[in-house]
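Note: the block below is work.txt and it holds compact mmCIF, C-alpha atoms and all ligand atoms.
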```txt
# COMPACT_ATOMS: atom_id res chain seq x y z
CA MET A 1 43.95 -75.73 -49.81
CA GLN A 2 44.95 -72.19 -50.70
CA PHE A 3 47.89 -69.80 -50.56
CA ALA A 4 48.09 -66.72 -48.32
CA ALA A 5 46.53 -63.56 -49.75
CA ARG A 6 49.61 -61.54 -48.77
CA LEU A 7 51.54 -63.21 -51.59
CA GLU A 8 49.77 -60.86 -54.00
CA SER A 9 51.99 -58.05 -52.76
CA LEU A 10 55.28 -59.95 -52.86
CA GLY A 11 57.54 -58.63 -55.62
CA THR A 12 60.80 -59.98 -57.01
CA GLU A 13 64.19 -58.99 -58.36
CA SER A 14 63.68 -59.12 -62.11
CA ALA A 15 67.40 -59.02 -62.94
CA PHE A 16 67.11 -62.75 -62.27
CA GLU A 17 64.48 -62.88 -65.06
CA VAL A 18 67.00 -61.43 -67.53
CA ALA A 19 69.52 -63.97 -66.15
CA ARG A 20 67.04 -66.76 -66.96
CA GLN A 21 66.47 -65.48 -70.52
CA THR A 22 70.22 -65.08 -71.01
CA ALA A 23 70.98 -68.60 -69.79
CA GLU A 24 68.31 -69.96 -72.13
CA TRP A 25 69.78 -68.00 -75.05
CA LYS A 26 73.27 -69.30 -74.24
CA ALA A 27 72.06 -72.91 -73.87
CA ALA A 28 70.62 -72.61 -77.38
CA GLY A 29 74.19 -72.14 -78.62
CA ASN A 30 74.34 -68.32 -78.79
CA GLU A 31 77.10 -66.07 -77.53
CA VAL A 32 76.05 -63.75 -74.67
CA PHE A 33 77.48 -60.54 -73.22
CA PRO A 34 76.42 -60.37 -69.55
CA PHE A 35 75.81 -56.76 -68.50
CA HIS A 36 72.59 -57.67 -66.68
CA ILE A 37 73.45 -58.69 -63.14
CA GLY A 38 75.35 -57.03 -60.30
CA ASP A 39 77.72 -59.92 -59.82
CA PHE A 40 81.45 -60.48 -60.36
CA ASN A 41 83.74 -62.44 -62.65
CA ILE A 42 86.49 -61.33 -60.25
CA PRO A 43 87.35 -63.74 -57.40
CA THR A 44 87.20 -62.92 -53.67
CA PRO A 45 90.67 -61.85 -52.42
CA GLN A 46 92.75 -64.96 -51.59
CA ARG A 47 93.58 -63.65 -48.12
CA VAL A 48 89.87 -63.86 -47.21
CA VAL A 49 89.48 -67.34 -48.72
CA ASP A 50 92.50 -68.54 -46.71
CA ALA A 51 91.03 -67.06 -43.53
CA MET A 52 87.77 -68.93 -44.12
CA ASN A 53 89.60 -72.23 -44.68
CA ARG A 54 91.55 -71.66 -41.46
CA ALA A 55 88.31 -70.97 -39.57
CA ILE A 56 86.86 -74.29 -40.78
CA GLU A 57 90.04 -76.12 -39.78
CA ASN A 58 89.84 -74.43 -36.38
CA GLY A 59 86.38 -75.90 -35.85
CA LYS A 60 84.26 -72.74 -36.33
CA THR A 61 81.58 -74.94 -37.80
CA GLY A 62 78.83 -74.91 -35.16
CA TYR A 63 76.19 -72.33 -34.25
CA CYS A 64 77.36 -68.95 -33.04
CA PRO A 65 75.48 -66.08 -31.34
CA PRO A 66 72.46 -64.90 -33.42
CA PRO A 67 73.62 -61.23 -33.49
CA GLY A 68 77.01 -62.34 -34.83
CA ILE A 69 80.37 -63.18 -33.24
CA PRO A 70 81.44 -60.32 -30.93
CA GLU A 71 84.83 -60.02 -32.66
CA LEU A 72 83.19 -59.26 -36.03
CA ARG A 73 80.59 -56.94 -34.53
CA GLU A 74 83.39 -54.96 -32.91
CA ALA A 75 85.48 -54.91 -36.10
CA LEU A 76 82.46 -53.69 -38.09
CA ALA A 77 81.59 -50.99 -35.54
CA ASP A 78 85.15 -49.77 -35.80
CA ASP A 79 85.49 -49.91 -39.61
CA VAL A 80 82.04 -48.58 -40.53
CA GLY A 81 82.25 -45.94 -37.78
CA LYS A 82 85.70 -44.74 -38.88
CA LEU A 83 84.77 -44.44 -42.57
CA ARG A 84 81.64 -42.43 -41.64
CA ASP A 85 82.92 -40.53 -38.63
CA ILE A 86 80.29 -42.07 -36.33
CA ASN A 87 80.95 -43.55 -32.91
CA TYR A 88 79.56 -47.09 -33.20
CA ALA A 89 80.06 -49.91 -30.67
CA MET A 90 79.27 -53.62 -30.76
CA ASP A 91 75.62 -53.13 -29.76
CA ASN A 92 75.09 -51.00 -32.89
CA VAL A 93 75.85 -54.01 -35.13
CA ILE A 94 73.88 -57.17 -35.95
CA VAL A 95 75.50 -59.51 -38.48
CA GLN A 96 73.23 -60.69 -41.32
CA PRO A 97 73.38 -63.24 -44.15
CA GLY A 98 74.06 -60.52 -46.74
CA GLY A 99 72.79 -56.98 -47.21
CA LYS A 100 69.26 -57.80 -48.31
CA PRO A 101 67.89 -59.11 -44.96
CA THR A 102 68.27 -55.65 -43.37
CA ILE A 103 65.54 -54.32 -45.67
CA GLY A 104 62.75 -56.66 -44.53
CA LYS A 105 63.90 -56.85 -40.90
CA PHE A 106 64.09 -53.08 -40.36
CA ILE A 107 60.70 -52.63 -42.01
CA LEU A 108 59.24 -55.32 -39.71
CA ALA A 109 60.81 -53.63 -36.69
CA VAL A 110 59.42 -50.11 -37.22
CA MET A 111 56.63 -50.03 -39.85
CA GLU A 112 52.99 -50.54 -38.89
CA PRO A 113 50.64 -51.93 -41.56
CA GLY A 114 49.14 -48.92 -43.38
CA ASP A 115 52.23 -46.74 -42.84
CA GLU A 116 53.64 -44.99 -45.88
CA VAL A 117 57.28 -45.55 -46.79
CA LEU A 118 59.21 -43.37 -49.24
CA TYR A 119 61.52 -45.31 -51.54
CA PRO A 120 63.46 -44.55 -54.73
CA SER A 121 62.05 -45.44 -58.14
CA PRO A 122 64.07 -46.34 -60.09
CA GLY A 123 65.57 -48.29 -57.20
CA PHE A 124 66.51 -51.72 -55.89
CA PRO A 125 63.28 -53.70 -56.42
CA ILE A 126 63.28 -55.38 -53.01
CA TYR A 127 62.33 -52.09 -51.28
CA GLU A 128 58.94 -51.89 -52.99
CA SER A 129 58.39 -55.63 -52.54
CA MET A 130 59.14 -55.70 -48.80
CA ILE A 131 57.14 -52.53 -47.97
CA GLU A 132 54.03 -53.89 -49.69
CA PHE A 133 54.49 -57.47 -48.46
CA HIS A 134 54.58 -56.29 -44.85
CA GLY A 135 51.39 -54.25 -45.30
CA GLY A 136 52.81 -50.77 -45.88
CA LYS A 137 52.14 -48.35 -48.72
CA ALA A 138 55.14 -47.90 -51.01
CA VAL A 139 55.42 -44.21 -52.04
CA PRO A 140 58.03 -43.56 -54.73
CA TYR A 141 60.35 -40.59 -55.02
CA THR A 142 62.52 -40.06 -58.05
CA TYR A 143 65.62 -38.48 -59.58
CA ILE A 144 66.20 -35.69 -62.07
CA ASP A 145 68.63 -36.45 -64.89
CA ASN A 146 71.02 -33.52 -64.99
CA GLY A 147 73.10 -34.35 -68.08
CA GLY A 148 73.74 -37.95 -66.99
CA LYS A 149 74.19 -37.04 -63.29
CA PHE A 150 71.12 -37.96 -61.27
CA LEU A 151 69.92 -35.67 -58.49
CA LEU A 152 67.11 -36.23 -56.01
CA ASP A 153 63.80 -34.58 -56.84
CA LEU A 154 63.45 -33.19 -53.31
CA ASP A 155 60.30 -31.16 -54.06
CA GLN A 156 58.51 -34.24 -55.33
CA LEU A 157 59.75 -36.24 -52.32
CA LYS A 158 58.54 -33.59 -49.86
CA SER A 159 55.14 -33.29 -51.52
CA ASN A 160 54.55 -37.00 -50.92
CA ILE A 161 54.99 -36.86 -47.14
CA THR A 162 51.77 -37.30 -45.15
CA SER A 163 50.93 -37.91 -41.48
CA LYS A 164 51.23 -41.62 -42.26
CA THR A 165 54.81 -41.48 -43.57
CA SER A 166 57.03 -43.28 -41.08
CA MET A 167 60.15 -44.20 -43.03
CA LEU A 168 62.46 -43.24 -45.88
CA ILE A 169 64.59 -45.71 -47.80
CA PHE A 170 67.64 -44.06 -49.30
CA ASN A 171 70.43 -45.54 -51.40
CA ASN A 172 73.28 -43.09 -51.89
CA HIS A 173 75.66 -44.63 -54.50
CA HIS A 174 72.50 -45.77 -56.11
CA ASN A 175 71.51 -48.89 -58.00
CA PRO A 176 70.63 -48.49 -60.90
CA THR A 177 71.43 -44.80 -61.67
CA ALA A 178 74.77 -44.62 -59.74
CA ALA A 179 73.47 -41.31 -58.31
CA GLU A 180 75.20 -39.90 -55.28
CA SER A 181 74.05 -36.84 -53.41
CA PRO A 182 76.31 -33.82 -53.06
CA HIS A 183 76.69 -32.79 -49.41
CA ASP A 184 74.03 -30.03 -49.54
CA GLU A 185 71.48 -32.46 -51.02
CA LEU A 186 72.25 -34.96 -48.26
CA GLU A 187 71.78 -32.24 -45.63
CA ALA A 188 68.46 -31.15 -47.15
CA LEU A 189 67.25 -34.76 -47.15
CA ALA A 190 68.37 -35.23 -43.54
CA GLU A 191 66.47 -32.11 -42.54
CA ILE A 192 63.29 -33.47 -44.15
CA CYS A 193 63.73 -36.72 -42.19
CA MET A 194 64.25 -34.94 -38.88
CA GLU A 195 61.39 -32.46 -39.44
CA ASN A 196 59.01 -35.33 -40.19
CA ASP A 197 60.41 -37.71 -37.58
CA LEU A 198 61.16 -40.48 -40.11
CA TRP A 199 63.13 -43.67 -39.66
CA VAL A 200 65.77 -44.01 -42.37
CA LEU A 201 67.11 -47.11 -44.06
CA SER A 202 70.43 -46.10 -45.62
CA ASP A 203 71.38 -48.75 -48.14
CA GLU A 204 75.17 -48.47 -48.36
CA ALA A 205 75.87 -51.58 -50.46
CA TYR A 206 78.19 -49.57 -52.76
CA PHE A 207 79.68 -47.12 -50.23
CA GLU A 208 83.20 -48.53 -50.67
CA THR A 209 82.98 -49.26 -54.41
CA ARG A 210 84.34 -45.99 -55.65
CA TYR A 211 86.80 -44.57 -58.16
CA GLU A 212 87.20 -40.89 -57.27
CA GLY A 213 86.34 -38.71 -54.30
CA GLU A 214 84.88 -39.91 -51.01
CA SER A 215 81.60 -41.54 -50.05
CA GLU A 216 79.30 -39.88 -47.56
CA SER A 217 76.58 -41.44 -45.42
CA ILE A 218 73.38 -39.69 -44.41
CA ALA A 219 73.96 -41.24 -40.96
CA SER A 220 77.00 -38.95 -40.53
CA ILE A 221 74.86 -35.80 -40.50
CA PRO A 222 74.28 -34.66 -36.90
CA GLY A 223 70.97 -35.98 -35.55
CA MET A 224 70.70 -38.77 -38.14
CA ALA A 225 72.56 -41.76 -36.63
CA GLU A 226 69.82 -42.03 -33.99
CA ARG A 227 67.14 -42.65 -36.65
CA THR A 228 69.16 -44.46 -39.31
CA VAL A 229 69.89 -48.14 -39.90
CA ILE A 230 72.70 -48.77 -42.37
CA LEU A 231 72.45 -51.74 -44.72
CA TYR A 232 76.04 -52.97 -44.83
CA THR A 233 77.21 -55.82 -47.05
CA PHE A 234 80.52 -57.51 -47.79
CA SER A 235 79.12 -58.65 -51.18
CA LYS A 236 80.17 -55.81 -53.48
CA ARG A 237 83.09 -54.33 -51.56
CA PHE A 238 85.01 -57.63 -51.44
CA ALA A 239 83.65 -59.37 -54.59
CA MET A 240 81.88 -62.03 -52.54
CA THR A 241 78.19 -61.95 -53.41
CA GLY A 242 77.77 -65.69 -52.85
CA TRP A 243 79.26 -65.77 -49.35
CA ARG A 244 76.21 -64.06 -47.89
CA VAL A 245 77.57 -61.87 -45.12
CA GLY A 246 76.45 -58.35 -44.22
CA ALA A 247 75.13 -56.39 -41.25
CA SER A 248 72.46 -54.04 -39.94
CA ILE A 249 74.07 -51.07 -38.20
CA GLY A 250 72.09 -48.55 -36.18
CA PRO A 251 70.53 -47.58 -32.83
CA PRO A 252 70.88 -50.35 -30.17
CA GLU A 253 67.12 -50.49 -29.47
CA VAL A 254 66.40 -51.31 -33.14
CA MET A 255 69.35 -53.71 -33.24
CA GLU A 256 67.88 -55.66 -30.34
CA ILE A 257 64.66 -56.28 -32.31
CA ILE A 258 66.59 -57.15 -35.47
CA GLY A 259 68.72 -59.58 -33.43
CA GLN A 260 65.54 -61.26 -32.21
CA LEU A 261 64.37 -61.58 -35.83
CA ASN A 262 67.72 -63.28 -36.57
CA VAL A 263 66.97 -65.89 -33.88
CA ASN A 264 63.63 -66.58 -35.54
CA ASP A 265 64.81 -66.50 -39.15
CA GLU A 266 68.21 -68.17 -39.44
CA SER A 267 69.65 -68.70 -35.91
CA CYS A 268 72.95 -67.23 -37.05
CA THR A 269 74.91 -66.15 -40.11
CA ASN A 270 77.49 -68.64 -41.43
CA HIS A 271 79.93 -69.02 -38.54
CA PHE A 272 83.25 -69.63 -40.34
CA ALA A 273 82.53 -66.91 -42.92
CA GLN A 274 82.21 -64.40 -40.07
CA TRP A 275 85.79 -65.12 -38.95
CA ALA A 276 87.00 -64.53 -42.51
CA MET A 277 85.21 -61.16 -42.55
CA ILE A 278 87.49 -59.91 -39.77
CA GLU A 279 90.39 -60.58 -42.13
CA ALA A 280 88.50 -58.85 -44.97
CA LEU A 281 88.06 -55.71 -42.86
CA GLU A 282 91.73 -55.78 -41.88
CA GLY A 283 92.69 -55.96 -45.58
CA GLY A 284 90.17 -53.20 -46.33
CA THR A 285 90.56 -50.66 -49.13
CA GLU A 286 94.22 -51.55 -49.76
CA MET A 287 93.41 -55.24 -50.32
CA CYS A 288 90.51 -54.33 -52.64
CA LYS A 289 92.52 -51.93 -54.79
CA PRO A 290 93.01 -54.44 -57.65
CA ILE A 291 89.22 -54.95 -57.76
CA THR A 292 88.50 -51.22 -57.86
CA ASP A 293 91.26 -50.60 -60.42
CA GLU A 294 89.80 -53.23 -62.74
CA LEU A 295 86.28 -51.85 -62.33
CA ARG A 296 87.49 -48.30 -63.06
CA VAL A 297 89.01 -49.38 -66.39
CA ARG A 298 85.79 -51.22 -67.30
CA ARG A 299 83.71 -48.16 -66.38
CA ASP A 300 85.80 -45.89 -68.59
CA VAL A 301 85.71 -48.24 -71.57
CA ALA A 302 81.98 -49.04 -71.28
CA ARG A 303 81.04 -45.37 -70.72
CA ASP A 304 83.01 -44.14 -73.74
CA LEU A 305 81.65 -46.85 -76.01
CA LEU A 306 78.06 -46.14 -74.91
CA ASN A 307 78.53 -42.43 -75.54
CA GLY A 308 79.80 -43.29 -79.01
CA ILE A 309 76.42 -44.80 -79.96
CA LYS A 310 73.97 -42.52 -81.76
CA GLY A 311 70.91 -41.97 -79.57
CA VAL A 312 72.56 -43.19 -76.34
CA SER A 313 74.03 -40.98 -73.60
CA VAL A 314 75.42 -41.68 -70.15
CA GLY A 315 77.31 -39.86 -67.39
CA SER A 316 80.50 -40.90 -65.60
CA PRO A 317 79.65 -42.21 -62.12
CA SER A 318 82.31 -42.12 -59.39
CA SER A 319 80.90 -45.13 -57.55
CA THR A 320 78.96 -48.42 -57.98
CA PHE A 321 79.51 -50.61 -61.05
CA TYR A 322 76.45 -49.49 -63.01
CA LEU A 323 75.84 -47.27 -66.01
CA PHE A 324 72.29 -46.04 -66.64
CA PRO A 325 72.20 -44.65 -70.19
CA LYS A 326 69.30 -42.79 -71.70
CA VAL A 327 68.04 -44.73 -74.74
CA THR A 328 64.87 -42.78 -75.61
CA GLU A 329 65.99 -41.97 -79.17
CA VAL A 330 66.80 -45.62 -79.89
CA LEU A 331 63.32 -46.71 -78.76
CA GLU A 332 61.70 -44.05 -80.92
CA LYS A 333 63.76 -44.99 -83.96
CA LYS A 334 62.97 -48.70 -83.57
CA GLY A 335 59.28 -48.13 -82.79
CA LEU A 336 59.57 -49.84 -79.39
CA ARG A 337 57.14 -48.93 -76.60
CA ASN A 338 59.33 -49.47 -73.57
CA SER A 339 62.76 -50.57 -72.34
CA ILE A 340 61.63 -54.18 -71.80
CA GLU A 341 60.95 -54.45 -75.54
CA LEU A 342 64.42 -53.02 -76.19
CA GLN A 343 66.09 -55.45 -73.75
CA GLU A 344 64.37 -58.47 -75.31
CA ALA A 345 65.05 -57.38 -78.90
CA VAL A 346 68.75 -56.64 -78.21
CA LEU A 347 69.29 -59.98 -76.45
CA LYS A 348 67.81 -61.91 -79.39
CA ASP A 349 69.58 -59.80 -82.00
CA THR A 350 73.04 -59.46 -80.45
CA GLY A 351 73.38 -61.59 -77.27
CA VAL A 352 73.90 -58.41 -75.24
CA ALA A 353 72.06 -58.70 -71.90
CA PHE A 354 71.12 -55.70 -69.72
CA CYS A 355 68.23 -54.70 -67.48
CA PRO A 356 65.36 -52.42 -68.48
CA ARG A 357 64.42 -49.49 -66.22
CA SER A 358 61.08 -51.03 -65.28
CA TYR A 359 62.86 -53.87 -63.45
CA PHE A 360 63.85 -51.29 -60.80
CA CYS A 361 60.49 -50.66 -59.10
CA THR A 362 57.24 -49.52 -60.74
CA PRO A 363 57.91 -46.59 -63.11
CA LEU A 364 56.21 -43.28 -62.27
CA LEU A 365 53.29 -42.33 -64.49
CA ASP A 366 54.91 -39.18 -65.90
CA GLU A 367 58.28 -40.64 -66.91
CA LYS A 368 59.09 -39.44 -70.43
CA GLU A 369 62.58 -40.77 -70.99
CA HIS A 370 63.71 -44.38 -71.30
CA TYR A 371 66.74 -45.93 -69.60
CA VAL A 372 68.47 -49.28 -69.23
CA ARG A 373 71.13 -50.49 -66.77
CA PHE A 374 74.49 -51.91 -67.78
CA ALA A 375 76.45 -53.65 -64.97
CA TYR A 376 80.17 -54.17 -65.63
CA ALA A 377 81.45 -56.19 -62.65
CA GLY A 378 80.73 -59.53 -64.31
CA ILE A 379 82.14 -58.97 -67.80
CA GLY A 380 85.77 -58.65 -68.95
CA LEU A 381 87.17 -55.90 -71.19
CA ASP A 382 87.20 -57.92 -74.42
CA ASP A 383 83.55 -58.82 -74.00
CA ILE A 384 82.67 -55.25 -73.04
CA ARG A 385 84.22 -54.08 -76.32
CA GLU A 386 82.57 -56.76 -78.45
CA GLY A 387 79.19 -56.42 -76.68
CA MET A 388 79.17 -52.65 -77.09
CA ALA A 389 80.10 -52.99 -80.78
CA ARG A 390 77.11 -55.28 -81.29
CA PHE A 391 74.82 -52.96 -79.32
CA LYS A 392 76.00 -50.03 -81.44
CA ALA A 393 75.33 -51.95 -84.63
CA TYR A 394 71.80 -52.72 -83.40
CA CYS A 395 71.05 -49.13 -82.32
CA GLU A 396 72.39 -47.50 -85.46
CA ALA A 397 70.94 -49.94 -88.00
C1 LIG A 401 71.28 -51.39 -53.67
C2 LIG A 401 71.44 -52.79 -53.20
N1 LIG A 401 71.12 -53.09 -51.94
C3 LIG A 401 71.23 -54.33 -51.46
C4 LIG A 401 71.68 -55.36 -52.24
C5 LIG A 401 71.76 -56.75 -51.68
O1 LIG A 401 73.05 -57.09 -51.34
P1 LIG A 401 73.39 -58.58 -50.90
O2 LIG A 401 73.64 -59.37 -52.13
O3 LIG A 401 74.58 -58.47 -50.03
O4 LIG A 401 72.22 -59.11 -50.14
C6 LIG A 401 72.01 -55.11 -53.58
C7 LIG A 401 72.41 -56.21 -54.46
O5 LIG A 401 72.50 -56.12 -55.65
C8 LIG A 401 71.88 -53.79 -54.07
O6 LIG A 401 72.17 -53.49 -55.35
```
Would you mind writing the file out in structure tokens?
Ligand SMILES: Cc1ncc(COP(=O)(O)O)c(C=O)c1O
Amino acid sequence: MQFAARLESLGTESAFEVARQTAEWKAAGNEVFPFHIGDFNIPTPQRVVDAMNRAIENGKTGYCPPPGIPELREALADDVGKLRDINYAMDNVIVQPGGKPTIGKFILAVMEPGDEVLYPSPGFPIYESMIEFHGGKAVPYTYIDNGGKFLLDLDQLKSNITSKTSMLIFNNHHNPTAAESPHDELEALAEICMENDLWVLSDEAYFETRYEGESESIASIPGMAERTVILYTFSKRFAMTGWRVGASIGPPEVMEIIGQLNVNDESCTNHFAQWAMIEALEGGTEMCKPITDELRVRRDVARDLLNGIKGVSVGSPSSTFYLFPKVTEVLEKKGLRNSIELQEAVLKDTGVAFCPRSYFCTPLLDEKEHYVRFAYAGIGLDDIREGMARFKAYCEA
């Protein structure tokens, strides 16, 4: 008996590897400071929990339509459309068990084996994994660090387009760098997509997690909604990563295929959770204000403490809950070869857990600087302060 050869190209999300090491370190009796995973120590708003309990009591416990309950599809079309100034209807929306399933399902719907797909590196590791697993060629594009603000390297991106390129994966409000494109950069990227007739996966997991200004979607640029599928998730916006509800939002003909994949994969997304999501959308930004306010304070404290460490520098992102400091000088001083060595040494020395850059897709060959990602949604202010003090002591020793 043997396993399928395709498994050789299946990747993983290595933040879970840091989680494993951290749990092991904690079980051995050590104190840990969890900056490694994009999860919350903040509960889901009570109003949404109550709505889910009501849905169970009201018997919403059987199967429901594979594309999602019509009421939620309509509410999502309305909410997502309004926030992006796009006219979506119910047939533009297919409910999913979280944000992640949109990545593999959209790739399956439009990518032929052998096609080339542009994706961000650093970037969410599941892009590279799913492209390769489904027989495509993953072609990375990257960002330029402009004093802690990350901008797309559009020349490098353009130079990697060939006749085989069929799709671009884009994550404005970006994990792990927290990059977000200014309007002119978004327009330039949209033009490249239209000129080269590319499908676009717009991962908008952090669209609503923001502290200043307004989020913008590439799908809002004229001519783009027709070729773009939005990855929508309730996970980060409403502090409910474990509930597993999200949606694919895009052209009806793609949605029909994705809906058929739903039938084959999971029959339907959790029925009673879908009813609670209608309540979540009604509560919206106002209901989530306490979550955003707490995250903003954590961002400010963590950012200032990082910038107070010799050899570490970081910008001030307006969205996401990630900081992506440059740590090149620390590596050089300590004689470490890469950010994985730094992550492992810091965990053992201080209990501070974060993710190294190389856990966010394969690094490009010419990368000169080193980075790590600190997530602050799952760690309270006291632990942020103590963890950063320990990290500082390590870096400056
Ligand atoms: C950029 C990005 N996209 C998608 C996801 C997946 O979201 P979900 O947990 O809702 O599947 C994540 C989760 O961390 C993410 O960071």
Give me, as a Markdown table, the closest atom pair and its distance (Å, one decimal) for every residue of chain A within a cut-off of 8 Å of ligand LIG 401 (chain A), counting all atoms listed in the file, rows sorted by chain and rising number.
```
| residue | atom | partner | partner_atom | distance |
| --- | --- | --- | --- | --- |
| A:Ile37 | CA | A:LIG401 | O5 | 8.0 |
| A:Gly38 | CA | A:LIG401 | O5 | 5.5 |
| A:Asp39 | CA | A:LIG401 | O5 | 7.7 |
| A:Pro97 | CA | A:LIG401 | O4 | 7.4 |
| A:Gly98 | CA | A:LIG401 | O3 | 3.9 |
| A:Gly99 | CA | A:LIG401 | O3 | 3.7 |
| A:Lys100 | CA | A:LIG401 | O4 | 3.7 |
| A:Pro101 | CA | A:LIG401 | O4 | 6.8 |
| A:Gly123 | CA | A:LIG401 | C1 | 7.4 |
| A:Phe124 | CA | A:LIG401 | C1 | 5.3 |
| A:Asn171 | CA | A:LIG401 | C1 | 6.3 |
| A:His174 | CA | A:LIG401 | C1 | 6.2 |
| A:Asn175 | CA | A:LIG401 | C1 | 5.0 |
| A:Pro176 | CA | A:LIG401 | O6 | 7.6 |
| A:Asp203 | CA | A:LIG401 | N1 | 5.8 |
| A:Glu204 | CA | A:LIG401 | N1 | 7.1 |
| A:Ala205 | CA | A:LIG401 | N1 | 5.2 |
| A:Tyr206 | CA | A:LIG401 | C1 | 7.2 |
| A:Leu231 | CA | A:LIG401 | C3 | 7.3 |
| A:Tyr232 | CA | A:LIG401 | O3 | 7.7 |
| A:Thr233 | CA | A:LIG401 | O3 | 4.8 |
| A:Phe234 | CA | A:LIG401 | O3 | 6.4 |
| A:Ser235 | CA | A:LIG401 | O3 | 4.7 |
| A:Lys236 | CA | A:LIG401 | O3 | 7.1 |
| A:Thr241 | CA | A:LIG401 | O2 | 5.4 |
| A:Gly242 | CA | A:LIG401 | O2 | 7.6 |
| A:Arg244 | CA | A:LIG401 | O3 | 6.2 |
| A:Val245 | CA | A:LIG401 | O3 | 6.7 |
| A:Gly246 | CA | A:LIG401 | O3 | 6.1 |
```
So that I can check the surroundings of Pro251 in chain A, please list as a PyMOL selection string every protein, DNA and RNA residue that reaches within 7 Å of it, counting only C-alpha atoms and ignoring chain neighbours fewer than 2 positions away. chain A and resi 92+226+253-255
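Atom pair CA of Ile69 in chain A / CA of Ile56 in chain A has a distance of 14.9 Å (rounded to one decimal).
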Excluding range 360-376 of chain A and any residue of its chain fewer than 3 positions from it, enumerate the residues within 9 Å of it, using all atoms listed in the file, and give them as a PyMOL selection string. chain A and resi 13-15+34-40+120-129+140-142+175-177+295+298-299+302+321-329+331+338-340+342-343+353-357+379-380+384
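Taking all atoms listed in the file into account, Thr165 in chain A lies nearest to A:Ile192 out of the set A:Ala389, A:Leu306, A:Ile192, A:Val314.
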Taking all atoms listed in the file into account, which of A:Tyr63, A:Met240, A:Thr12, A:Leu347 comes nearest Pro43 in chain A? A:Met240
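A straight line drawn from CA of Phe33 in chain A to CA of Asp383 in chain A is 6.4 Å long.
Distance-wise, CA of Thr22 in chain A and CA of Glu344 in chain A end up 9.8 Å apart.
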Write out as JSON, numbers by chain each polymer residue whose atoms come within 12 Å of Leu168 in chain A, counting only C-alpha atoms; drop sequence neighbours fewer than 3 positions from it. {"A": [103, 106, 107, 110, 111, 115, 116, 117, 118, 119, 120, 127, 128, 131, 137, 138, 139, 140, 141, 157, 158, 160, 161, 164, 165, 171, 189, 190, 192, 193, 194, 196, 197, 198, 199, 200, 201, 202, 203, 218, 227, 228, 229]}
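Nearest to His271 in chain A of all the residues A:Ile249, A:Val49, A:Cys64, A:Ala28 is A:Cys64, counting only C-alpha atoms.
Proximity to Leu83 in chain A was assessed for A:Tyr359, A:Phe207, A:Phe272, A:Phe391 counting only C-alpha atoms; the smallest distance is recorded for A:Phe207.
Counting only C-alpha atoms, Thr292 in chain A has the following residues at most 7 Å away, ignoring those fewer than 3 positions along the same chain: Thr209, Tyr211, Cys288, Lys289, Leu295 and Arg296 of chain A.
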Within 7 Å of Glu396 in chain A, counting only C-alpha atoms, which residues show up once you throw out same-chain ones fewer than 3 positions away? Write them as a ChimeraX atom specification, please. /A:310,392-393
Padding 3 Å on every side, please: axis-aligned box over the listed atoms of range 329-343 of chain A, centre and edge lengths to one decimal in Å, as AutoDock Vina command-line options.
```
--center_x 62.0 --center_y -48.7 --center_z -77.9 --size_x 15.7 --size_y 19.5 --size_z 18.2
```
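Distances from A:Val48, A:Val32, A:Leu108, A:Ala75 to Glu386 in chain A were compared using all atoms listed in the file, and the smallest one belongs to A:Val32.
Comparing the minimum interatomic distances between Glu216 in chain A and each of A:Pro252, A:Gly387, A:Pro182, A:Pro67, counting all atoms listed in the file, we find that A:Pro182 sits nearest.
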